[in-house]
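J.: One structure, pasted below without further comment.
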Amino acid sequence: MENGMLCLGLSGGLDRIYESSPELPNTFLHDGAAVLVQDGRVIAAVEEERLNRVKHSNKFPSNSIRYCLSTAGVSLGEIDHIAFYATEAYCKTMLERLSVSQPVPLDPKLLLRLLLAREVGAEIDPSRLSFVNHHEAHAVSAFAMSGFEQSLVFAIDGGGDFLSGLLAVGSGTEIARLVSFPEHNSLGLFYLETIRYLGYGLFDEYKVMGLAPYGDPARYRSLFAQFYELLDNGGYRVHLDRIGPALVGNIQVRRKGMPFTQQHRDVSASLQEALERIVFHILRHYREATGMTRLCLAGGVAHNCTLNGKLLYSGLFDDIFVQPAAHDAGCALGAALMVSSELGRPAPRERLPDVYWGPDLGSEQAVEHELNAWSGHLDIQRSDDIASSAADWMANGAVIGWVQGRSEFGPRALGNRSILADPRPAENKDRINAMVKKREGYRPFAPSVLEEDASEFFELPDGTRQLPFMNFVVRVREAKRHVLGAITHVDGTARLQTVSRRTNPTYWDVISAFKKRTGIPILLNTSFNNNAEPIVQSVSDAITTFLTTDLDGLVVGPFLVRKRPASLQDWSALGVSLPPYASLHRVRSYTAPDRQETVCEIRTGHSAHHSMRISHELFEILMRIEGEASLSCLFDATMLDQAKREDLVKELRLVWEVRGVRLHPPRAACGRNRLQSET
């Protein structure tokens, strides 16, 4: 077939999954992804974390690249151009910093070519490789997908390419930069620096956004006024160095795991208010100065849906488009679109309808085969009307995993890799926070509503009909708040997704079936994952998450899946292997000032920070595995009695729950304890 112009955009790190991560500033090289565009249209895109199962993966996106190539049915050699999401100068500086502690090639282009050759097995001509400006990649990813002829474009994040953002005017297929924001004025780092004193770190920003409505911004308003200044002509300055000393002197610093006090809630509220004040100050000026009536947003800070909602209601702009993968994975999209445009194939000027760009579930036969392999643990039924069956379950109180079609690109589950439930009972919120997410009880859940019914339940600003990407917080109509207890946040808002029959008929059908039973055209929708890993991608990820949480049911394609009580024999029949990011350690450590002991642990990641203690018995068993082995073979080889086997299965299940090991139907017979090739 005629392939057209194929451009591949990449974001992420420069090492492989089982290698130790280089000590780099942690705001760089995370959220790896690959995006393939053909003549400016996306044909495949996935974040590396969905495939390598490491949250915010800072590894080279090898799996993502392979997925994009296989979807298009091409080899890397047939790709016209490959673009990396940072400038060569920036990458070079990072490599120079690295070279102090380990040997690395100092030429970014050479390193990228070596990685591609090693991981995808193809030599790439240097002329087909580009390094693009990080914030321009953010900006293009939003403007090119907005469908706008002209707009203001605002990219804001923690940092990248020695800057923390830019403001530009998009016109036709061109973007003209008006102003850049230096790294020391980073709004992303302003947020990050503050939340460190609330017991949170990188990638936890959205948790603080959810906490803010419980606080009163007035309490620390004058304190926060010392942290930033609003200057003339939309300018601003932040004083990152003042934040720590002022907070330490004025609040009880919260450490991870400690309870929240009202102080912490009030600091969250003051921080959110400060961010909103600065952003509105910038945008008011440039709205006035340029006369632009539309706005595009990208960059990590554009995931602040509360801020986006306030901009939407403010009437400052007639229309706002937020790129749904606004974080660094979205730069892979921007990078691909930038080089495609340079090669004369810009993205068509149309509004992005959906982001179902990830791997598909596979054929119905393949899905059934995978489910049946777990028959000792699962009860499986095929339904001819899956929407009705699932709606029945939820109307009767079940919380279910829902897996259909191609996965979503970006951080939100938009109805293809979701946990779904009745949005009405307020206790559903606590139930899901406890049973699946194992997370803070204050965290809100989002509603998915049929597009045609949205304005009956939510106050949508004039002219807004569709909010398909869950990136705006809107007000729930006052009369409906008591009805929608599970999805209405403490301040009467919700992070809304409108669902269109055109873009996702399967998801639309299940919400519609729920409406027939209950009169409510809405479902509670949260991402299908537990607290230990990224959103599920494959059928096997879905089964693993189902079996390690208290979900009531699982729907995969046309199959309804329930748990069945598994015997010791069923558990022993499973294969066990270590994920590629895990390693086993036996170490001597002090357990008291005058006492040393030998302890065994599994480390996931490159440091002892991510480690879990395991028993000596389990350690011995896992040390015997080469690639993978069936549990029963391991038990037999170590001559364990029934009681000991039961204890070990119990322990293994706990380690599996936090993804320190993998359990799966065995692929190898005893004695052929074979090495699995990396998936």
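Letters A, B, ... go to the chains of the structure tokens in the order shown; residues in each chain start at 1; ligands are counted from 1 in the same order.
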Excluding same-chain residues fewer than 4 positions from Ile195 in chain A, what lies within 8 Å of it counting only C-alpha atoms, as a list in words?
T.: Tyr191, Gly199, Tyr200, Gly201, Glu205, Val208 and Ser268 of chain A
J.: Just all heavy atoms for this one: save the residues we selected as a short mmCIF file (atom, residue, chain, number, x, y, z; two decimals), in the first residue's frame.
T.:
```cif
data_model
loop_
_atom_site.label_atom_id
_atom_site.label_comp_id
_atom_site.auth_asym_id
_atom_site.auth_seq_id
_atom_site.Cartn_x
_atom_site.Cartn_y
_atom_site.Cartn_z
N TYR A 191 4.80 24.83 41.74
CA TYR A 191 3.82 23.88 42.31
C TYR A 191 4.55 22.75 43.02
O TYR A 191 4.25 22.38 44.16
CB TYR A 191 2.95 23.32 41.18
CG TYR A 191 1.50 23.05 41.57
CD1 TYR A 191 0.54 24.07 41.48
CD2 TYR A 191 1.08 21.79 41.99
CE1 TYR A 191 -0.79 23.83 41.81
CE2 TYR A 191 -0.24 21.54 42.33
CZ TYR A 191 -1.18 22.56 42.23
OH TYR A 191 -2.50 22.31 42.56
N GLY A 199 4.18 16.49 51.68
CA GLY A 199 4.42 15.05 51.61
C GLY A 199 4.24 14.48 50.22
O GLY A 199 4.05 13.28 50.05
N TYR A 200 4.28 15.35 49.21
CA TYR A 200 4.10 14.89 47.83
C TYR A 200 5.31 15.25 46.99
O TYR A 200 6.09 16.12 47.34
CB TYR A 200 2.84 15.51 47.23
CG TYR A 200 1.56 14.89 47.71
CD1 TYR A 200 0.55 15.67 48.28
CD2 TYR A 200 1.34 13.52 47.58
CE1 TYR A 200 -0.64 15.09 48.71
CE2 TYR A 200 0.15 12.94 48.00
CZ TYR A 200 -0.83 13.73 48.57
OH TYR A 200 -1.99 13.14 48.98
N GLY A 201 5.42 14.57 45.82
CA GLY A 201 6.57 14.84 44.95
C GLY A 201 6.17 14.91 43.50
O GLY A 201 4.98 15.08 43.17
N GLU A 205 1.12 16.19 41.56
CA GLU A 205 0.50 17.51 41.54
C GLU A 205 -1.03 17.43 41.55
O GLU A 205 -1.72 18.19 42.23
CB GLU A 205 0.96 18.31 40.31
CG GLU A 205 2.44 18.66 40.31
CD GLU A 205 3.36 17.61 39.69
OE1 GLU A 205 2.92 16.45 39.52
OE2 GLU A 205 4.51 17.94 39.41
N VAL A 208 -2.84 17.18 44.88
CA VAL A 208 -2.96 18.43 45.64
C VAL A 208 -4.11 19.27 45.07
O VAL A 208 -4.84 19.93 45.80
CB VAL A 208 -1.62 19.18 45.62
CG1 VAL A 208 -1.74 20.53 46.33
CG2 VAL A 208 -0.55 18.32 46.30
N SER A 268 -2.76 23.91 50.16
CA SER A 268 -3.15 23.45 48.82
C SER A 268 -4.04 24.49 48.14
O SER A 268 -3.88 24.79 46.96
CB SER A 268 -3.93 22.13 48.90
OG SER A 268 -3.17 21.15 49.53
#
```
J.: Excluding Arg412 in chain A and its own-chain neighbours fewer than 5 positions away, which residues fall within 10 Å of it when counting only C-alpha atoms? Please give them as a short mmCIF file (atom, residue, chain, number, x, y, z; two decimals) with N, CA and C atoms, in the first residue's frame.
T.:
```cif
data_model
loop_
_atom_site.label_atom_id
_atom_site.label_comp_id
_atom_site.auth_asym_id
_atom_site.auth_seq_id
_atom_site.Cartn_x
_atom_site.Cartn_y
_atom_site.Cartn_z
N PRO A 324 -4.98 16.48 25.18
CA PRO A 324 -5.27 15.51 26.25
C PRO A 324 -4.04 14.83 26.86
N ALA A 325 -2.95 14.68 26.10
CA ALA A 325 -1.70 14.17 26.68
C ALA A 325 -0.77 15.37 26.85
N ARG A 417 -10.23 1.59 28.98
CA ARG A 417 -9.44 0.90 30.02
C ARG A 417 -9.85 1.51 31.36
N SER A 418 -11.12 1.31 31.72
CA SER A 418 -11.71 2.04 32.85
C SER A 418 -12.23 1.13 33.95
N PHE A 469 -12.28 14.90 26.84
CA PHE A 469 -11.00 14.40 27.34
C PHE A 469 -10.81 14.54 28.84
N MET A 470 -11.86 14.86 29.57
CA MET A 470 -11.77 14.90 31.02
C MET A 470 -10.70 15.90 31.48
N ASN A 471 -10.55 17.01 30.74
CA ASN A 471 -9.53 17.94 31.20
C ASN A 471 -10.07 19.30 31.67
N ASN A 525 -16.27 6.98 36.25
CA ASN A 525 -15.20 6.41 35.43
C ASN A 525 -13.84 6.80 36.01
N THR A 526 -13.06 5.79 36.36
CA THR A 526 -11.69 6.07 36.80
C THR A 526 -10.76 5.10 36.08
N SER A 527 -9.47 5.41 36.08
CA SER A 527 -8.56 4.58 35.29
C SER A 527 -8.44 3.19 35.91
N PHE A 528 -8.33 2.19 35.03
CA PHE A 528 -8.25 0.79 35.46
C PHE A 528 -6.81 0.47 35.82
N ILE A 535 -2.03 2.43 34.04
CA ILE A 535 -3.31 1.92 33.53
C ILE A 535 -3.07 0.62 32.75
#
```
J.: At a cut-off of 9 Å, can you tabulate as CSV every residue of range 347-430 of chain A near range 137-156 of chain A together with its closest atom pair and the distance in Å to one decimal, using only C-alpha atoms and ordering rows by chain then number?
T.:
```
residue,atom,partner,partner_atom,distance
A:Ala347,CA,A:Ala144,CA,6.1
A:Pro348,CA,A:Ala144,CA,7.8
A:Arg349,CA,A:Gly147,CA,4.7
A:Glu350,CA,A:Gly147,CA,3.9
A:Arg351,CA,A:Gly147,CA,4.1
A:Leu352,CA,A:Met145,CA,5.3
```
J.: Save the residues we just selected, all heavy atoms, as a CSV table (one decimal), in the first residue's frame?
T.:
```csv
chain,number,residue,atom,x,y,z
A,347,ALA,N,-0.6,18.6,9.8
A,347,ALA,CA,-1.9,18.0,10.3
A,347,ALA,C,-3.0,18.7,9.6
A,347,ALA,O,-3.0,19.9,9.5
A,347,ALA,CB,-2.0,18.0,11.8
A,348,PRO,N,-4.1,17.9,9.2
A,348,PRO,CA,-5.3,18.6,8.7
A,348,PRO,C,-5.9,19.5,9.8
A,348,PRO,O,-5.9,19.1,11.0
A,348,PRO,CB,-6.2,17.4,8.3
A,348,PRO,CG,-5.7,16.2,9.0
A,348,PRO,CD,-4.2,16.5,9.3
A,349,ARG,N,-6.5,20.6,9.4
A,349,ARG,CA,-7.1,21.5,10.4
A,349,ARG,C,-8.4,21.0,10.8
A,349,ARG,O,-9.5,21.4,10.3
A,349,ARG,CB,-7.3,23.0,9.8
A,349,ARG,CG,-6.2,23.6,9.0
A,349,ARG,CD,-4.8,23.6,9.7
A,349,ARG,NE,-4.8,24.3,11.0
A,349,ARG,CZ,-3.8,24.2,11.9
A,349,ARG,NH1,-2.8,23.3,11.6
A,349,ARG,NH2,-3.8,24.8,13.0
A,350,GLU,N,-8.4,20.1,11.8
A,350,GLU,CA,-9.7,19.6,12.3
A,350,GLU,C,-9.6,19.3,13.8
A,350,GLU,O,-8.5,19.0,14.2
A,350,GLU,CB,-10.2,18.4,11.5
A,350,GLU,CG,-9.2,17.3,11.3
A,350,GLU,CD,-9.6,16.3,10.2
A,350,GLU,OE1,-9.9,16.8,9.1
A,350,GLU,OE2,-9.7,15.1,10.5
A,351,ARG,N,-10.6,19.4,14.5
A,351,ARG,CA,-10.6,19.2,16.0
A,351,ARG,C,-10.4,17.7,16.3
A,351,ARG,O,-11.0,16.9,15.7
A,351,ARG,CB,-11.9,19.7,16.6
A,351,ARG,CG,-12.0,19.6,18.1
A,351,ARG,CD,-11.1,20.7,18.7
A,351,ARG,NE,-11.5,21.0,20.1
A,351,ARG,CZ,-11.9,22.3,20.4
A,351,ARG,NH1,-11.9,23.2,19.5
A,351,ARG,NH2,-12.3,22.5,21.7
A,352,LEU,N,-9.5,17.5,17.2
A,352,LEU,CA,-9.2,16.1,17.6
A,352,LEU,C,-10.5,15.5,18.2
A,352,LEU,O,-11.0,16.0,19.2
A,352,LEU,CB,-8.1,16.1,18.6
A,352,LEU,CG,-7.7,14.8,19.2
A,352,LEU,CD1,-7.0,14.0,18.2
A,352,LEU,CD2,-6.7,15.0,20.4
```
J.: Would you mind listing what lies within 8 Å of range 240-251 of chain A as a list in words, with only C-alpha atoms counted and same-chain residues fewer than 3 positions away left out?
T.: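 Skipping anything fewer than 3 positions along the chain leaves His184, Leu189, Phe190, Glu193, Thr194, Tyr197, Leu223, Gln226, Phe227, Gln263 and His264 of chain A.
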J.: Figure out the distance between CA of Ala329 in chain A and CA of Arg128 in chain A, please, to one decimal in Å.
T.: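 Taking CA of Arg128 in chain A and CA of Ala329 in chain A, their separation equals 21.2 Å.
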J.: Here is a test: counting only C-alpha atoms, which residue of A:Tyr214, A:Phe203, A:Trp571, A:Phe514 is nearest to Arg653 in chain A?
T.: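 Smallest distance to Arg653 in chain A is found for A:Trp571.
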J.: Compare A:Ala643, A:Val104, A:Leu114, A:Leu420 by their minimum atom-to-atom distance to Ala486 in chain A, counting only C-alpha atoms, and give me the closest one.
T.: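 Of A:Ala643, A:Val104, A:Leu114, A:Leu420, the one nearest Ala486 in chain A, counting only C-alpha atoms, is A:Leu420.
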J.: Please list as a short mmCIF file (atom, residue, chain, number, x, y, z; two decimals) with C-alpha atoms, in the first residue's frame every residue within 7 Å of Ala45 in chain A, counting only C-alpha atoms and excluding residues in the same chain fewer than 2 positions away.
T.:
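Here's the written file result-v5.cif:
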```
data_model
loop_
_atom_site.label_atom_id
_atom_site.label_comp_id
_atom_site.auth_asym_id
_atom_site.auth_seq_id
_atom_site.Cartn_x
_atom_site.Cartn_y
_atom_site.Cartn_z
CA ALA A 34 6.18 6.94 20.58
CA VAL A 35 3.71 8.47 18.12
CA LEU A 36 3.49 7.63 14.42
CA CYS A 68 3.82 1.86 16.19
CA TRP A 357 -4.51 5.20 19.40
CA GLY A 358 -3.02 2.42 21.54
CA PHE A 409 -3.20 7.87 24.63
#
```
J.: Any idea what the distance is between CA of Glu273 in chain A and CA of Asn531 in chain A?
T.: 28.3 Å
J.: As a ChimeraX atom specification, please: the residues near Asn433 in chain A (cut-off 10 Å, only C-alpha atoms, same-chain neighbours under 2 positions excluded).
T.: /A:427-431,435-445,530-531
J.: Now that the selection is made, can you save its residues with C-alpha atoms as a CSV table (one decimal), in the first residue's frame?
T.:
```csv
chain,number,residue,atom,x,y,z
A,427,GLU,CA,-20.1,5.5,49.4
A,428,ASN,CA,-18.9,4.2,46.0
A,429,LYS,CA,-16.2,6.9,46.2
A,430,ASP,CA,-14.8,5.5,49.5
A,431,ARG,CA,-15.3,1.9,48.3
A,435,MET,CA,-10.8,-1.5,47.2
A,436,VAL,CA,-8.7,-0.7,44.1
A,437,LYS,CA,-6.8,2.5,44.4
A,438,LYS,CA,-5.6,2.2,48.0
A,439,ARG,CA,-5.4,5.9,47.9
A,440,GLU,CA,-6.3,9.0,49.9
A,441,GLY,CA,-10.1,9.1,50.6
A,442,TYR,CA,-10.5,12.7,49.6
A,443,ARG,CA,-9.6,12.0,45.9
A,444,PRO,CA,-12.5,12.6,43.6
A,445,PHE,CA,-13.7,10.4,40.7
A,530,ASN,CA,-4.2,-0.2,41.2
A,531,ASN,CA,-1.9,2.1,43.1
```
J.: Go through A:Ser99, A:Ser11, A:Thr545, A:Ser567 and flag the residue nearest Trp656 in chain A, using only C-alpha atoms for the distances.
T.: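 Comparing A:Ser99, A:Ser11, A:Thr545, A:Ser567 against Trp656 in chain A, the winner is A:Thr545.
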J.: Given only C-alpha atoms as the basis, pick out the residue of A:Leu198, A:Ala494, A:Arg284, A:Thr591 nearest to Lys256 in chain A.
T.: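 Looking only at the distances to Lys256 in chain A, the closest residue turns out to be A:Leu198.
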J.: Quick one: everything within 8 Å of Leu484 in chain A, counting only C-alpha atoms, minus sequence neighbours fewer than 5 positions away in the same chain. Send it as a PyMOL selection string.
T.: chain A and resi 423-426
J.: Kindly save the residues from that selection, with N, CA and C atoms included, as a PDB file, in the first residue's frame.
T.:
```pdb
ATOM      1  N   PRO A 423     -22.729   6.268  39.606  1.00  0.00           N
ATOM      2  CA  PRO A 423     -22.220   7.552  40.104  1.00  0.00           C
ATOM      3  C   PRO A 423     -23.026   8.106  41.280  1.00  0.00           C
ATOM      4  N   ARG A 424     -24.102   7.399  41.678  1.00  0.00           N
ATOM      5  CA  ARG A 424     -25.016   7.984  42.673  1.00  0.00           C
ATOM      6  C   ARG A 424     -24.591   7.792  44.131  1.00  0.00           C
ATOM      7  N   PRO A 425     -24.356   6.548  44.600  1.00  0.00           N
ATOM      8  CA  PRO A 425     -24.088   6.403  46.037  1.00  0.00           C
ATOM      9  C   PRO A 425     -22.736   6.992  46.435  1.00  0.00           C
ATOM     10  N   ALA A 426     -22.755   7.944  47.370  1.00  0.00           N
ATOM     11  CA  ALA A 426     -21.508   8.591  47.798  1.00  0.00           C
ATOM     12  C   ALA A 426     -20.512   7.563  48.315  1.00  0.00           C
TER      13      ALA A 426
END
```
J.: Tell me, as number ranges by chain, which residues lie within 6 Å of range 315-322 of chain A, counting only C-alpha atoms; anything in the same chain fewer than 5 positions away does not count.
T.: A: 146, 293-297
J.: Restricting it to C-alpha atoms, dump the selection as a PDB file, in the first residue's frame.
T.:
```
ATOM      1  CA  SER A 146      -7.317  22.090  17.925  1.00  0.00           C
ATOM      2  CA  THR A 293     -10.275  34.760  21.026  1.00  0.00           C
ATOM      3  CA  ARG A 294      -9.186  31.119  21.217  1.00  0.00           C
ATOM      4  CA  LEU A 295      -6.669  29.371  23.405  1.00  0.00           C
ATOM      5  CA  CYS A 296      -4.624  26.141  23.176  1.00  0.00           C
ATOM      6  CA  LEU A 297      -2.946  24.668  26.243  1.00  0.00           C
TER       7      LEU A 297
END
```
J.: Could you tell me which of A:Ile282, A:Thr261, A:Glu123, A:Ser407 comes closest to Gly77 in chain A if we count only C-alpha atoms?
T.: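 The answer is A:Glu123, which sits nearest to Gly77 in chain A.
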J.: Rank A:Asn185, A:Asn304, A:Gln102, A:Ser340 by their smallest atom-to-atom distance to Gly4 in chain A, using only C-alpha atoms, and report the top residue only.
T.: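 Of all the options, A:Ser340 lies closest to Gly4 in chain A.
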J.: How would you write, as a PyMOL selection string, the set of residues in range 503-670 of chain A that DSSP gives as strand (DSSP E or B)?
T.: chain A and resi 522-527+553-556+559-563+575-577+582-592+595-604+611-614+629-630+662-664
J.: Go ahead and save the residues from that selection, with N, CA and C atoms, as a short mmCIF file (atom, residue, chain, number, x, y, z; two decimals), in the first residue's frame.
T.:
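Saved file again-v2.cif follows:
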```
data_model
loop_
_atom_site.label_atom_id
_atom_site.label_comp_id
_atom_site.auth_asym_id
_atom_site.auth_seq_id
_atom_site.Cartn_x
_atom_site.Cartn_y
_atom_site.Cartn_z
N ILE A 522 -25.14 8.63 33.19
CA ILE A 522 -23.78 8.93 33.66
C ILE A 522 -23.20 7.69 34.34
N LEU A 523 -21.88 7.49 34.17
CA LEU A 523 -21.18 6.48 34.97
C LEU A 523 -19.98 7.12 35.66
N LEU A 524 -19.66 6.62 36.83
CA LEU A 524 -18.39 6.97 37.45
C LEU A 524 -17.30 6.25 36.65
N ASN A 525 -16.27 6.98 36.25
CA ASN A 525 -15.20 6.41 35.43
C ASN A 525 -13.84 6.80 36.01
N THR A 526 -13.06 5.79 36.36
CA THR A 526 -11.69 6.07 36.80
C THR A 526 -10.76 5.10 36.08
N SER A 527 -9.47 5.41 36.08
CA SER A 527 -8.56 4.58 35.29
C SER A 527 -8.44 3.19 35.91
N GLY A 553 -16.42 -7.32 39.28
CA GLY A 553 -16.53 -8.01 38.00
C GLY A 553 -15.59 -7.39 36.99
N LEU A 554 -15.40 -8.10 35.88
CA LEU A 554 -14.52 -7.63 34.82
C LEU A 554 -15.22 -7.88 33.49
N VAL A 555 -15.21 -6.87 32.63
CA VAL A 555 -15.78 -7.04 31.28
C VAL A 555 -14.65 -6.80 30.28
N VAL A 556 -14.36 -7.82 29.47
CA VAL A 556 -13.31 -7.70 28.45
C VAL A 556 -13.93 -8.08 27.12
N PHE A 559 -16.94 -10.50 27.01
CA PHE A 559 -16.93 -11.50 28.09
C PHE A 559 -17.16 -10.87 29.47
N LEU A 560 -18.02 -11.55 30.23
CA LEU A 560 -18.27 -11.18 31.62
C LEU A 560 -17.44 -12.11 32.49
N VAL A 561 -16.63 -11.52 33.37
CA VAL A 561 -15.70 -12.34 34.14
C VAL A 561 -15.92 -12.10 35.64
N ARG A 562 -16.04 -13.19 36.38
CA ARG A 562 -16.12 -13.11 37.84
C ARG A 562 -14.96 -13.91 38.43
N LYS A 563 -14.68 -13.67 39.71
CA LYS A 563 -13.63 -14.46 40.38
C LYS A 563 -14.22 -15.76 40.88
N GLY A 575 2.63 -19.87 36.49
CA GLY A 575 4.05 -19.59 36.27
C GLY A 575 4.42 -18.35 37.06
N VAL A 576 5.67 -18.26 37.46
CA VAL A 576 6.13 -17.06 38.16
C VAL A 576 7.41 -16.57 37.49
N SER A 577 7.54 -15.24 37.38
CA SER A 577 8.77 -14.66 36.82
C SER A 577 8.98 -13.30 37.46
N ALA A 582 12.77 -5.58 38.09
CA ALA A 582 12.95 -6.04 39.47
C ALA A 582 14.25 -6.81 39.63
N SER A 583 14.83 -6.75 40.83
CA SER A 583 16.02 -7.55 41.11
C SER A 583 15.96 -8.02 42.56
N LEU A 584 16.62 -9.15 42.83
CA LEU A 584 16.63 -9.76 44.16
C LEU A 584 17.91 -9.41 44.89
N HIS A 585 17.78 -9.10 46.18
CA HIS A 585 18.96 -8.72 46.97
C HIS A 585 18.90 -9.38 48.34
N ARG A 586 20.07 -9.88 48.77
CA ARG A 586 20.18 -10.35 50.15
C ARG A 586 21.23 -9.46 50.79
N VAL A 587 20.86 -8.71 51.80
CA VAL A 587 21.79 -7.71 52.35
C VAL A 587 21.88 -7.82 53.87
N ARG A 588 23.05 -7.41 54.39
CA ARG A 588 23.20 -7.29 55.84
C ARG A 588 22.80 -5.88 56.19
N SER A 589 21.91 -5.74 57.16
CA SER A 589 21.61 -4.37 57.55
C SER A 589 21.36 -4.29 59.05
N TYR A 590 21.57 -3.10 59.58
CA TYR A 590 21.35 -2.91 61.01
C TYR A 590 19.86 -2.84 61.27
N THR A 591 19.39 -3.68 62.23
CA THR A 591 17.97 -3.61 62.59
C THR A 591 17.84 -2.95 63.96
N ALA A 592 18.97 -2.76 64.64
CA ALA A 592 19.05 -2.02 65.91
C ALA A 592 20.50 -1.54 66.01
N ARG A 595 22.76 -4.44 66.38
CA ARG A 595 22.35 -5.73 65.83
C ARG A 595 22.24 -5.69 64.31
N GLN A 596 22.93 -6.63 63.67
CA GLN A 596 22.83 -6.77 62.22
C GLN A 596 22.09 -8.05 61.88
N GLU A 597 21.31 -7.97 60.77
CA GLU A 597 20.63 -9.18 60.31
C GLU A 597 20.76 -9.28 58.81
N THR A 598 20.58 -10.51 58.29
CA THR A 598 20.51 -10.67 56.85
C THR A 598 19.05 -10.56 56.44
N VAL A 599 18.76 -9.63 55.54
CA VAL A 599 17.37 -9.49 55.07
C VAL A 599 17.33 -9.71 53.56
N CYS A 600 16.18 -10.19 53.10
CA CYS A 600 15.98 -10.43 51.67
C CYS A 600 14.98 -9.42 51.14
N GLU A 601 15.22 -8.91 49.93
CA GLU A 601 14.27 -7.95 49.37
C GLU A 601 14.22 -8.02 47.85
N ILE A 602 13.08 -7.54 47.34
CA ILE A 602 12.94 -7.33 45.89
C ILE A 602 13.00 -5.83 45.69
N ARG A 603 13.85 -5.39 44.78
CA ARG A 603 13.89 -3.95 44.46
C ARG A 603 13.28 -3.75 43.08
N THR A 604 12.43 -2.76 43.00
CA THR A 604 11.86 -2.42 41.69
C THR A 604 12.31 -1.00 41.41
N SER A 611 11.93 -0.87 47.63
CA SER A 611 12.21 -2.27 47.91
C SER A 611 11.17 -2.83 48.85
N MET A 612 10.94 -4.14 48.76
CA MET A 612 10.03 -4.79 49.70
C MET A 612 10.72 -5.99 50.31
N ARG A 613 10.55 -6.13 51.60
CA ARG A 613 11.13 -7.28 52.30
C ARG A 613 10.36 -8.54 51.95
N ILE A 614 11.10 -9.64 51.77
CA ILE A 614 10.44 -10.93 51.56
C ILE A 614 11.10 -11.97 52.46
N ALA A 629 9.21 -20.02 35.75
CA ALA A 629 9.05 -21.41 36.19
C ALA A 629 7.66 -21.58 36.76
N SER A 630 7.15 -22.79 36.77
CA SER A 630 5.84 -22.98 37.40
C SER A 630 6.05 -23.17 38.90
N ARG A 662 5.68 -11.40 38.74
CA ARG A 662 4.58 -11.63 37.80
C ARG A 662 4.08 -13.06 38.00
N LEU A 663 2.77 -13.22 38.07
CA LEU A 663 2.16 -14.55 38.05
C LEU A 663 1.36 -14.64 36.76
N HIS A 664 1.41 -15.79 36.11
CA HIS A 664 0.70 -15.94 34.84
C HIS A 664 0.53 -17.41 34.55
#
```
J.: To test your reading of the structure, identify every residue in range 149-245 of chain A that backbone DSSP assigns to alpha helix (DSSP H), and report it as number ranges by chain.
T.: A: 187-195, 205-211, 221-224, 240-245
J.: In Å, how far is it from CA of Gln262 in chain A to CA of Pro213 in chain A?
T.: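 We find that CA of Gln262 in chain A and CA of Pro213 in chain A lie 11.4 Å from each other.
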